[in-house]
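Coordinates from input-v7.txt are shown below (compact mmCIF, C-alpha atoms and all ligand atoms).
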# COMPACT_ATOMS: atom_id res chain seq x y z
CA MET A 1242 -74.53 39.28 -68.56
CA ARG A 1243 -75.54 35.95 -70.06
CA LEU A 1244 -73.09 33.15 -69.86
CA ALA A 1245 -72.86 30.95 -72.90
CA ILE A 1246 -72.97 27.37 -71.71
CA LYS A 1247 -71.30 25.01 -74.08
CA VAL A 1248 -73.33 21.86 -74.54
CA LEU A 1249 -70.80 19.09 -74.41
CA TYR A 1250 -73.02 16.24 -75.46
CA SER A 1251 -76.18 15.91 -77.44
CA ILE A 1252 -77.49 13.36 -74.96
CA GLU A 1253 -76.08 12.62 -71.55
CA THR A 1254 -77.49 10.29 -68.90
CA LYS A 1255 -76.27 9.53 -65.41
CA SER A 1256 -77.51 6.45 -63.53
CA LEU A 1257 -80.79 6.70 -65.41
CA SER A 1258 -83.32 4.20 -64.05
CA LYS A 1259 -86.98 3.39 -64.51
CA SER A 1260 -88.89 0.77 -62.55
CA PHE A 1261 -92.37 -0.57 -63.15
CA GLY A 1262 -93.20 -2.15 -59.80
CA ASP A 1263 -90.51 -4.76 -59.17
CA LEU A 1264 -89.20 -4.63 -62.71
CA ASN A 1265 -86.14 -2.49 -63.39
CA ALA A 1266 -86.88 -1.77 -67.05
CA VAL A 1267 -83.97 0.70 -67.26
CA ASP A 1268 -81.35 -0.06 -64.67
CA ASP A 1269 -78.69 2.51 -63.84
CA ILE A 1270 -77.56 3.47 -67.31
CA SER A 1271 -74.99 6.17 -67.98
CA PHE A 1272 -73.91 7.15 -71.46
CA SER A 1273 -73.33 10.16 -73.64
CA VAL A 1274 -73.90 10.81 -77.33
CA ASP A 1275 -71.74 13.32 -79.18
CA ASN A 1276 -73.10 16.05 -81.37
CA LYS A 1277 -74.02 14.74 -84.84
CA GLU A 1278 -73.31 11.18 -83.90
CA ILE A 1279 -75.55 8.26 -84.91
CA PHE A 1280 -75.82 6.27 -81.72
CA GLY A 1281 -77.76 3.03 -81.43
CA PHE A 1282 -79.17 0.92 -78.64
CA LEU A 1283 -79.00 -2.70 -79.71
CA GLY A 1284 -80.97 -5.18 -77.65
CA PRO A 1285 -83.74 -7.80 -77.69
CA ASN A 1286 -87.43 -7.22 -77.01
CA GLY A 1287 -87.94 -6.11 -73.43
CA ALA A 1288 -84.35 -4.85 -73.02
CA GLY A 1289 -85.50 -1.34 -72.05
CA LYS A 1290 -84.90 0.49 -75.35
CA SER A 1291 -88.31 2.13 -75.75
CA THR A 1292 -88.47 3.02 -72.06
CA THR A 1293 -85.13 4.85 -72.42
CA ILE A 1294 -86.39 6.71 -75.50
CA MET A 1295 -89.59 7.66 -73.70
CA ILE A 1296 -87.59 9.15 -70.83
CA LEU A 1297 -85.31 11.04 -73.22
CA THR A 1298 -88.30 12.41 -75.13
CA THR A 1299 -89.99 13.50 -71.83
CA LEU A 1300 -92.90 11.06 -72.15
CA LEU A 1301 -91.89 9.11 -69.04
CA LYS A 1302 -90.26 10.32 -65.85
CA PRO A 1303 -87.22 8.43 -64.60
CA THR A 1304 -87.42 6.76 -61.20
CA PHE A 1305 -83.83 7.73 -60.55
CA GLY A 1306 -80.90 9.44 -62.27
CA GLN A 1307 -80.62 12.30 -64.73
CA ALA A 1308 -80.80 12.86 -68.46
CA LEU A 1309 -79.90 15.89 -70.55
CA VAL A 1310 -80.89 16.27 -74.19
CA SER A 1311 -79.35 19.18 -76.11
CA GLY A 1312 -78.20 20.41 -72.73
CA PHE A 1313 -81.73 20.48 -71.22
CA ASP A 1314 -82.89 18.37 -68.33
CA VAL A 1315 -85.72 16.02 -69.36
CA VAL A 1316 -87.50 16.42 -66.01
CA THR A 1317 -87.09 20.12 -65.25
CA GLN A 1318 -86.92 21.52 -68.81
CA PRO A 1319 -89.27 19.28 -70.82
CA LYS A 1320 -90.48 22.09 -73.10
CA GLN A 1321 -86.96 22.98 -74.24
CA VAL A 1322 -86.17 19.28 -74.73
CA ARG A 1323 -89.30 18.78 -76.86
CA GLU A 1324 -88.42 21.79 -79.00
CA SER A 1325 -85.03 20.38 -79.84
CA ILE A 1326 -86.04 16.80 -80.66
CA GLY A 1327 -87.90 14.77 -83.22
CA TYR A 1328 -89.37 11.43 -82.18
CA VAL A 1329 -90.46 8.68 -84.53
CA GLN A 1330 -92.25 5.94 -82.64
CA GLN A 1331 -92.03 2.27 -83.46
CA GLU A 1332 -95.73 2.12 -84.38
CA SER A 1333 -96.82 4.35 -87.24
CA THR A 1334 -98.71 7.43 -86.10
CA VAL A 1335 -99.92 8.64 -89.50
CA ASP A 1336 -103.63 8.88 -90.29
CA GLU A 1337 -104.40 6.38 -93.04
CA TYR A 1338 -107.34 8.31 -94.43
CA LEU A 1339 -105.45 11.53 -94.94
CA THR A 1340 -102.98 12.07 -97.75
CA GLY A 1341 -99.24 12.15 -97.08
CA ARG A 1342 -99.23 15.93 -97.35
CA GLU A 1343 -102.25 16.33 -95.06
CA ASN A 1344 -100.51 14.22 -92.43
CA LEU A 1345 -97.45 16.47 -92.58
CA LEU A 1346 -99.64 19.56 -92.37
CA LEU A 1347 -101.20 18.21 -89.20
CA GLN A 1348 -97.78 17.41 -87.80
CA ALA A 1349 -96.49 20.89 -88.68
CA ARG A 1350 -99.39 22.49 -86.79
CA LEU A 1351 -98.84 20.23 -83.78
CA ASN A 1352 -95.21 21.31 -83.78
CA HIS A 1353 -96.17 25.01 -83.93
CA ILE A 1354 -94.22 25.65 -87.09
CA PRO A 1355 -94.81 29.28 -88.18
CA LYS A 1356 -97.51 29.45 -90.87
CA ASN A 1357 -95.28 31.16 -93.44
CA LEU A 1358 -92.74 28.32 -93.21
CA ILE A 1359 -95.07 25.33 -93.35
CA LYS A 1360 -95.32 24.90 -97.14
CA GLN A 1361 -91.58 25.14 -97.66
CA ARG A 1362 -90.79 22.74 -94.83
CA ILE A 1363 -93.27 20.15 -96.08
CA ASP A 1364 -91.98 20.40 -99.66
CA GLU A 1365 -88.46 19.99 -98.38
CA VAL A 1366 -89.05 16.83 -96.34
CA LEU A 1367 -91.25 15.28 -99.04
CA GLU A 1368 -88.43 15.69 -101.50
CA LEU A 1369 -85.87 14.34 -99.07
CA ILE A 1370 -87.76 11.12 -98.50
CA GLU A 1371 -88.86 10.95 -102.14
CA LEU A 1372 -92.59 11.05 -101.58
CA SER A 1373 -93.34 14.26 -103.53
CA ASP A 1374 -95.14 12.40 -106.30
CA LYS A 1375 -97.33 10.45 -103.85
CA GLN A 1376 -98.05 13.34 -101.49
CA ASN A 1377 -101.69 13.68 -102.57
CA ASP A 1378 -102.50 9.96 -102.28
CA ALA A 1379 -104.24 8.66 -99.17
CA VAL A 1380 -101.79 6.92 -96.85
CA VAL A 1381 -103.98 3.82 -96.93
CA THR A 1382 -102.52 3.19 -100.41
CA TYR A 1383 -98.89 3.44 -99.17
CA SER A 1384 -96.58 0.47 -98.62
CA GLY A 1385 -95.03 -0.18 -95.18
CA GLY A 1386 -91.78 1.46 -96.27
CA MET A 1387 -93.57 4.57 -97.57
CA ARG A 1388 -95.49 4.93 -94.29
CA LYS A 1389 -92.29 4.70 -92.32
CA ARG A 1390 -90.70 7.36 -94.56
CA LEU A 1391 -93.70 9.59 -93.92
CA ASP A 1392 -93.38 8.99 -90.17
CA ILE A 1393 -89.72 9.98 -90.33
CA ALA A 1394 -90.56 13.07 -92.43
CA GLY A 1395 -93.02 14.17 -89.73
CA GLY A 1396 -90.25 14.04 -87.18
CA LEU A 1397 -88.05 16.35 -89.30
CA LEU A 1398 -90.43 19.23 -90.00
CA HIS A 1399 -89.31 21.42 -87.12
CA ARG A 1400 -85.63 20.70 -87.87
CA PRO A 1401 -84.77 19.04 -84.58
CA LYS A 1402 -81.21 18.90 -83.34
CA VAL A 1403 -81.70 15.34 -82.13
CA LEU A 1404 -83.82 12.72 -83.87
CA PHE A 1405 -85.04 9.66 -81.96
CA LEU A 1406 -85.95 6.62 -84.06
CA ASP A 1407 -87.45 3.70 -82.15
CA GLU A 1408 -86.91 0.51 -84.16
CA PRO A 1409 -87.18 2.34 -87.49
CA THR A 1410 -87.37 -0.75 -89.67
CA VAL A 1411 -89.12 -3.35 -87.53
CA GLY A 1412 -91.59 -5.44 -89.49
CA LEU A 1413 -90.27 -4.34 -92.89
CA ASP A 1414 -88.74 -6.73 -95.39
CA ILE A 1415 -84.98 -6.65 -95.85
CA GLN A 1416 -84.97 -4.68 -99.12
CA THR A 1417 -87.23 -2.02 -97.64
CA ARG A 1418 -85.11 -1.94 -94.49
CA ARG A 1419 -82.00 -1.28 -96.59
CA LYS A 1420 -83.79 1.59 -98.34
CA ILE A 1421 -84.80 3.10 -95.00
CA TRP A 1422 -81.13 2.90 -93.92
CA GLU A 1423 -80.21 4.94 -96.99
CA TYR A 1424 -82.81 7.56 -96.09
CA ILE A 1425 -81.55 7.73 -92.51
CA LYS A 1426 -77.99 8.27 -93.76
CA LYS A 1427 -79.20 10.93 -96.18
CA ILE A 1428 -81.18 12.76 -93.48
CA HIS A 1429 -78.22 12.64 -91.13
CA LYS A 1430 -75.99 14.21 -93.77
CA GLU A 1431 -78.48 16.78 -94.97
CA PHE A 1432 -79.74 17.96 -91.57
CA ASP A 1433 -76.46 17.58 -89.75
CA MET A 1434 -78.20 16.22 -86.68
CA THR A 1435 -77.67 13.73 -83.89
CA ILE A 1436 -79.59 10.49 -84.29
CA PHE A 1437 -80.41 8.12 -81.46
CA LEU A 1438 -81.96 4.89 -82.69
CA THR A 1439 -82.91 1.56 -81.21
CA THR A 1440 -82.90 -1.74 -82.99
CA HIS A 1441 -82.75 -5.46 -82.48
CA TYR A 1442 -81.21 -5.97 -85.91
CA MET A 1443 -77.45 -6.44 -85.75
CA GLU A 1444 -76.98 -5.48 -89.37
CA GLU A 1445 -78.89 -2.26 -88.88
CA ALA A 1446 -76.72 -1.21 -85.94
CA ASP A 1447 -73.60 -2.17 -87.89
CA GLN A 1448 -74.65 -0.27 -91.02
CA LEU A 1449 -75.90 2.92 -89.42
CA CYS A 1450 -74.26 3.59 -86.09
CA ASP A 1451 -71.02 5.37 -85.26
CA ARG A 1452 -71.30 3.78 -81.83
CA ILE A 1453 -73.52 1.14 -80.31
CA GLY A 1454 -74.62 0.46 -76.77
CA ILE A 1455 -75.58 -3.16 -76.21
CA ILE A 1456 -78.53 -3.18 -73.82
CA ASP A 1457 -79.92 -6.26 -72.12
CA CYS A 1458 -82.26 -6.57 -69.12
CA GLY A 1459 -82.20 -2.78 -68.64
CA LYS A 1460 -78.42 -2.56 -68.39
CA ILE A 1461 -75.80 -1.37 -70.85
CA GLN A 1462 -73.31 -4.19 -71.33
CA VAL A 1463 -70.83 -2.32 -73.52
CA ILE A 1464 -70.56 0.84 -75.62
CA ASP A 1465 -68.17 1.06 -78.53
CA THR A 1466 -67.89 1.39 -82.31
CA PRO A 1467 -69.11 -1.67 -84.22
CA GLN A 1468 -65.57 -2.15 -85.52
CA ASN A 1469 -63.93 -2.08 -82.09
CA MET A 1470 -66.53 -4.46 -80.73
CA LYS A 1471 -65.82 -6.94 -83.47
CA SER A 1472 -62.06 -6.73 -83.17
CA ALA A 1473 -62.21 -7.04 -79.38
CA MET A 1474 -63.75 -10.44 -80.00
CA GLY A 1475 -60.58 -11.75 -81.51
CA ASN A 1476 -60.17 -12.11 -85.21
CA GLU A 1477 -62.13 -15.30 -85.57
CA VAL A 1478 -65.05 -17.19 -84.15
CA ILE A 1479 -64.97 -20.96 -83.91
CA SER A 1480 -68.28 -22.77 -83.48
CA LEU A 1481 -68.06 -26.26 -82.18
CA VAL A 1482 -70.67 -28.96 -81.65
CA ILE A 1483 -69.64 -31.95 -79.55
CA GLU A 1484 -71.39 -35.29 -79.31
CA ASN A 1485 -70.89 -36.62 -75.81
CA GLN A 1486 -71.05 -34.27 -72.88
CA ASN A 1487 -69.56 -36.41 -70.11
CA ASN A 1488 -66.20 -34.68 -70.06
CA GLU A 1489 -67.53 -31.35 -71.15
CA LYS A 1490 -66.47 -29.44 -68.03
CA ILE A 1491 -62.87 -30.63 -68.24
CA PHE A 1492 -62.93 -30.02 -71.99
CA LEU A 1493 -64.03 -26.41 -71.46
CA SER A 1494 -61.49 -25.78 -68.74
CA GLN A 1495 -58.70 -27.13 -70.95
CA LEU A 1496 -59.89 -25.01 -73.89
CA LYS A 1497 -59.68 -21.97 -71.63
CA GLU A 1498 -56.00 -22.71 -71.14
CA ILE A 1499 -55.29 -22.15 -74.85
CA GLU A 1500 -53.63 -18.76 -74.96
CA LEU A 1501 -55.04 -17.65 -78.29
CA ILE A 1502 -58.61 -18.04 -77.06
CA LYS A 1503 -60.06 -14.78 -75.77
CA ASN A 1504 -63.52 -15.82 -74.73
CA ILE A 1505 -65.72 -18.93 -74.60
CA ASN A 1506 -69.50 -19.26 -74.53
CA GLU A 1507 -71.31 -22.52 -74.15
CA ASP A 1508 -74.92 -23.48 -74.75
CA GLN A 1509 -75.63 -27.17 -74.16
CA ASN A 1510 -73.43 -28.96 -76.69
CA LYS A 1511 -72.67 -25.90 -78.80
CA ILE A 1512 -69.49 -24.07 -77.89
CA THR A 1513 -68.46 -20.70 -79.31
CA LEU A 1514 -64.82 -19.70 -79.04
CA PHE A 1515 -63.40 -16.27 -79.80
CA ALA A 1516 -59.80 -16.60 -80.89
CA SER A 1517 -57.06 -14.39 -82.22
CA LYS A 1518 -55.66 -17.04 -84.58
CA GLY A 1519 -58.37 -19.54 -85.42
CA THR A 1520 -56.31 -21.72 -87.70
CA GLU A 1521 -53.73 -22.30 -84.97
CA VAL A 1522 -56.37 -23.00 -82.37
CA ILE A 1523 -58.31 -25.66 -84.27
CA PRO A 1524 -55.59 -28.39 -84.12
CA LYS A 1525 -55.26 -27.74 -80.38
CA ILE A 1526 -59.01 -28.18 -79.93
CA PHE A 1527 -58.89 -31.53 -81.76
CA GLN A 1528 -55.95 -32.62 -79.61
CA ILE A 1529 -57.75 -31.85 -76.35
CA ALA A 1530 -60.97 -33.47 -77.58
CA SER A 1531 -59.09 -36.61 -78.61
CA ASN A 1532 -57.35 -36.86 -75.21
CA LEU A 1533 -60.70 -36.64 -73.45
CA ASN A 1534 -62.41 -38.97 -75.90
CA ILE A 1535 -64.84 -36.26 -76.96
CA LYS A 1536 -66.28 -36.50 -80.46
CA ILE A 1537 -66.51 -33.25 -82.41
CA LYS A 1538 -69.63 -33.33 -84.57
CA SER A 1539 -68.92 -30.11 -86.40
CA ILE A 1540 -66.48 -27.24 -86.33
CA SER A 1541 -66.51 -23.99 -88.28
CA LEU A 1542 -64.42 -20.87 -88.46
CA LYS A 1543 -65.65 -17.41 -89.42
CA GLN A 1544 -65.10 -13.69 -88.96
CA PRO A 1545 -66.94 -12.27 -85.94
CA THR A 1546 -70.19 -10.42 -86.53
CA LEU A 1547 -72.15 -8.21 -84.17
CA ASP A 1548 -74.25 -11.31 -83.41
CA ASP A 1549 -71.16 -12.86 -81.91
CA VAL A 1550 -70.44 -9.68 -79.97
CA PHE A 1551 -73.94 -9.78 -78.56
CA ILE A 1552 -73.59 -13.40 -77.47
CA SER A 1553 -70.22 -12.69 -75.94
CA TYR A 1554 -71.52 -9.82 -73.80
CA THR A 1555 -74.92 -11.18 -72.83
CA GLY A 1556 -74.44 -14.95 -72.94
CA HIS A 1557 -77.39 -15.46 -75.28
CA GLU A 1558 -78.50 -14.83 -78.82
CA ILE A 1559 -80.55 -11.74 -79.47
CA ARG A 1560 -83.55 -13.75 -80.65
CA ASP A 1561 -84.43 -17.39 -80.41
CA ASP A 1562 -85.86 -19.56 -83.17
CA ASP A 1563 -89.44 -18.40 -82.97
CA GLY A 1564 -88.28 -14.80 -82.92
CA LYS A 1565 -89.33 -14.23 -79.32
CA PHE A 1566 -86.93 -13.60 -76.52
CA ASN A 1567 -87.56 -15.17 -73.15
CA ARG A 1568 -85.33 -13.69 -70.47
CA LYS A 1569 -85.89 -16.28 -67.77
CA ARG A 1570 -85.68 -19.30 -69.99
CA GLU A 1571 -82.57 -18.07 -71.77
CA HIS A 1572 -80.86 -17.18 -68.54
CA ALA A 1573 -81.59 -20.54 -67.01
CA LYS A 1574 -80.42 -22.29 -70.14
CA MET A 1575 -77.27 -20.38 -70.83
CA LYS A 1576 -74.04 -20.67 -69.01
CA ARG A 1577 -71.47 -18.05 -69.63
CA LEU A 1578 -67.75 -18.43 -69.34
CA ARG A 1579 -65.36 -15.55 -69.54
CA ALA A 1580 -61.88 -16.67 -70.43
N1 LIG A 1601 -95.82 0.88 -68.82
C1 LIG A 1601 -95.25 -0.25 -68.42
N2 LIG A 1601 -95.68 -0.93 -67.34
C2 LIG A 1601 -95.09 -2.06 -66.93
N3 LIG A 1601 -94.03 -2.63 -67.54
C3 LIG A 1601 -93.55 -2.02 -68.64
C4 LIG A 1601 -94.13 -0.80 -69.14
N4 LIG A 1601 -93.43 -0.43 -70.24
C5 LIG A 1601 -92.48 -1.35 -70.41
N5 LIG A 1601 -92.54 -2.31 -69.47
C6 LIG A 1601 -91.63 -3.45 -69.33
O1 LIG A 1601 -90.33 -2.95 -69.26
C7 LIG A 1601 -89.42 -3.78 -69.95
C8 LIG A 1601 -88.70 -2.97 -71.02
O2 LIG A 1601 -89.64 -2.62 -72.01
P1 LIG A 1601 -89.25 -1.77 -73.29
O3 LIG A 1601 -88.51 -0.57 -72.87
O4 LIG A 1601 -90.51 -1.55 -74.06
O5 LIG A 1601 -88.27 -2.75 -74.05
P2 LIG A 1601 -87.78 -2.75 -75.58
O6 LIG A 1601 -88.21 -1.47 -76.20
O7 LIG A 1601 -86.31 -2.92 -75.49
O8 LIG A 1601 -88.43 -3.94 -76.23
C9 LIG A 1601 -90.23 -4.93 -70.50
O9 LIG A 1601 -90.13 -6.02 -69.63
C10 LIG A 1601 -91.64 -4.37 -70.53
O10 LIG A 1601 -92.59 -5.38 -70.41
MG MG A 1602 -89.35 -1.14 -77.91
How would this structure read if it were set down as structure tokens?
Ligand SMILES: Nc1ncnc2c1ncn2[C@@H]1O[C@H](COP(=O)(O)OP(=O)(O)O)[C@@H](O)[C@H]1O
Ligand SMILES: [Mg+2]
Amino acid sequence: MRLAIKVLYSIETKSLSKSFGDLNAVDDISFSVDNKEIFGFLGPNGAGKSTTIMILTTLLKPTFGQALVSGFDVVTQPKQVRESIGYVQQESTVDEYLTGRENLLLQARLNHIPKNLIKQRIDEVLELIELSDKQNDAVVTYSGGMRKRLDIAGGLLHRPKVLFLDEPTVGLDIQTRRKIWEYIKKIHKEFDMTIFLTTHYMEEADQLCDRIGIIDCGKIQVIDTPQNMKSAMGNEVISLVIENQNNEKIFLSQLKEIELIKNINEDQNKITLFASKGTEVIPKIFQIASNLNIKIKSISLKQPTLDDVFISYTGHEIRDDDGKFNRKREHAKMKRLRA
């Protein structure tokens, strides 16, 4: 008698870890992704996103811990895992000198799709990603967005239960990124599949994901819906720049006493406060500053975004000005205060 084992989660990891020498690229992460969920890992360069995806797609072995995908163990059942997943890498894998259709044909053969199904499957994905009319053009003539669509199409041919997208829109302009988001939503609806994606774009995670895991330095800082994350921040974010820093420590400790303030982050002379009632907090801030003879250079009030959530959980912005993230420098520079 065969027992039917109900697969509870599409992806499940327990204490998953991967080290490269001294570096803990993925450091004791445990999470689960429900069936048909769009789940995203949001984190800066070097956070451990691709390493996690490579473990889940059986391309890397974990140093410690366990991962199940579609109910199969990535270490002991790699074949079954590979049969149930699609994986779209960050870097395009299409051959520029073949046509779109030829690339898909190659992909279909690599995925051992039965010969009698190949034509139908290719037609289907080409239509879905709206490349039917360009299918016989060489990929070298395609735009970045079209190449990415073709990459995604290749990952769909064998109708995987779980699709992994590693930074699906990195390097694309914002309009093209938005279009790719639409395609991802369409695919999710049409194929009724689980999607696990990684990104360092807040807006992308916000737009696409049912739930997000914020990952930084190989560790998951928090997992929740984008909406819950934002509301946990308090209803408003107050950004404050002060001029003189002599009394800064006392100033911060007195700000922490304000009941309506949920959380405070501080980077040099820029202070970010997460408050439940911003308009009531601002006069109190001015009062404290005036008592301590601190000059407020600027103050602003806004609704929290996922950027603010990221800062609140990690103590730093996801990217610095030149677009590169430097763990050591940021960590030395930032000081984090939890109210
Ligand atoms: N094969 C490898 N050998 C050594 N270090 C690696 C290797 N792959 C990744 N790393 C390191 O592991 C960390 C996480 O990398 P990665 O998972 O690629 O991050 P992300 O995809 O979030 O940008 C980085 O510090 C990276 O340099
Ligand atoms: Mg990566």
With all atoms listed in the file counted and 7 Å as the cut-off, give the residues of chain A in contact with ligand LIG 1601 (chain A), each with its shortest interatomic distance in Å and the pair that gives it, as JSON lines.
{"residue": "A:Phe1261", "atom": "CA", "partner": "A:LIG1601", "partner_atom": "C2", "distance": 4.9}
{"residue": "A:Leu1264", "atom": "CA", "partner": "A:LIG1601", "partner_atom": "O1", "distance": 6.9}
{"residue": "A:Ala1266", "atom": "CA", "partner": "A:LIG1601", "partner_atom": "O1", "distance": 4.3}
{"residue": "A:Gly1284", "atom": "CA", "partner": "A:LIG1601", "partner_atom": "O7", "distance": 6.2}
{"residue": "A:Pro1285", "atom": "CA", "partner": "A:LIG1601", "partner_atom": "O7", "distance": 5.9}
{"residue": "A:Asn1286", "atom": "CA", "partner": "A:LIG1601", "partner_atom": "O8", "distance": 3.5}
{"residue": "A:Gly1287", "atom": "CA", "partner": "A:LIG1601", "partner_atom": "O5", "distance": 3.4}
{"residue": "A:Ala1288", "atom": "CA", "partner": "A:LIG1601", "partner_atom": "O7", "distance": 3.7}
{"residue": "A:Gly1289", "atom": "CA", "partner": "A:LIG1601", "partner_atom": "O3", "distance": 3.2}
{"residue": "A:Lys1290", "atom": "CA", "partner": "A:LIG1601", "partner_atom": "O7", "distance": 3.7}
{"residue": "A:Ser1291", "atom": "CA", "partner": "A:LIG1601", "partner_atom": "O6", "distance": 3.6}
{"residue": "A:Thr1292", "atom": "CA", "partner": "A:LIG1601", "partner_atom": "O3", "distance": 3.7}
{"residue": "A:Thr1293", "atom": "CA", "partner": "A:LIG1601", "partner_atom": "O3", "distance": 6.4}
{"residue": "A:Gly1459", "atom": "CA", "partner": "A:LIG1601", "partner_atom": "C8", "distance": 6.9}
Which residue of A:Ile1456, A:Leu1367, A:Ile1428, A:Met1470 approaches ligand MG 1602 (chain A) most closely, using all atoms listed in the file: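 Among A:Ile1456, A:Leu1367, A:Ile1428, A:Met1470, it is A:Ile1456 that comes nearest to ligand MG 1602 (chain A).
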A:Leu1391, A:Val1380, A:Leu1347, A:Val1411 ranked by distance to ligand MG 1602 (chain A), top pick (using all atoms listed in the file):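 Going through A:Leu1391, A:Val1380, A:Leu1347, A:Val1411 one by one, the smallest distance to ligand MG 1602 (chain A) is for A:Val1411.
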Length of the atom CA of Ser1494 of chain A to atom CA of Ile1552 of chain A vector [Å]: 19.4 Å
Close residues, segment 1251-1254 of chain A itself excluded, 8 Å, all atoms listed in the file, min 4 positions apart in chain, as a list in words: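 Answer for this query is Ile1270, Ser1271, Phe1272, Ser1273, Val1274, Asp1275, Asn1276, Lys1277, Gly1306, Gln1307, Ala1308, Leu1309, Val1310, Ser1311, Gly1312, Val1403 and Thr1435 of chain A.
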Gap from atom CA of Gln1448 of chain A to atom CA of Gly1327 of chain A - Å, one decimal: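 Between atom CA of Gln1448 of chain A and atom CA of Gly1327 of chain A the gap is 21.5 Å.
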One-decimal distance in Å that lies between atom CA of Leu1404 of chain A and atom CA of Val1329 of chain A: 7.8 Å
Segment 1511-1516 of chain A surroundings by all atoms listed in the file, 10 Å radius, close-in-sequence under 5 positions cut, as a PyMOL selection string: chain A and resi 1473-1484+1493+1496-1497+1499-1506+1521-1523+1538-1545+1549-1550+1552-1553+1580
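Within 10 Å of the point (-76.0, -5.6, -91.3), and counting all atoms listed in the file, the protein, DNA and RNA residues are Arg1419, Tyr1442, Met1443, Glu1444, Glu1445, Ala1446, Asp1447, Gln1448, Leu1449, Thr1546, Leu1547 and Asp1548 of chain A.
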For the residues in that selection, give me C-alpha atoms as an mmCIF file, in the coordinates of the input.
data_model
loop_
_atom_site.group_PDB
_atom_site.id
_atom_site.type_symbol
_atom_site.label_atom_id
_atom_site.label_comp_id
_atom_site.auth_asym_id
_atom_site.auth_seq_id
_atom_site.Cartn_x
_atom_site.Cartn_y
_atom_site.Cartn_z
ATOM 1 C CA ARG A 1419 -82.000 -1.280 -96.590
ATOM 2 C CA TYR A 1442 -81.210 -5.970 -85.910
ATOM 3 C CA MET A 1443 -77.450 -6.440 -85.750
ATOM 4 C CA GLU A 1444 -76.980 -5.480 -89.370
ATOM 5 C CA GLU A 1445 -78.890 -2.260 -88.880
ATOM 6 C CA ALA A 1446 -76.720 -1.210 -85.940
ATOM 7 C CA ASP A 1447 -73.600 -2.170 -87.890
ATOM 8 C CA GLN A 1448 -74.650 -0.270 -91.020
ATOM 9 C CA LEU A 1449 -75.900 2.920 -89.420
ATOM 10 C CA THR A 1546 -70.190 -10.420 -86.530
ATOM 11 C CA LEU A 1547 -72.150 -8.210 -84.170
ATOM 12 C CA ASP A 1548 -74.250 -11.310 -83.410
#
Exercise: residues within 9 Å of coordinate (-77.6, 0.6, -78.9), counting only C-alpha atoms, as a list in words: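 Output of the proximity query reads Phe1280, Gly1281, Phe1282, Leu1283, Gly1284, Lys1290, Phe1437, Leu1438, Thr1439, Thr1440, His1441, Ala1446, Cys1450, Arg1452, Ile1453, Gly1454, Ile1455, Ile1456, Ile1461 and Ile1464 of chain A.
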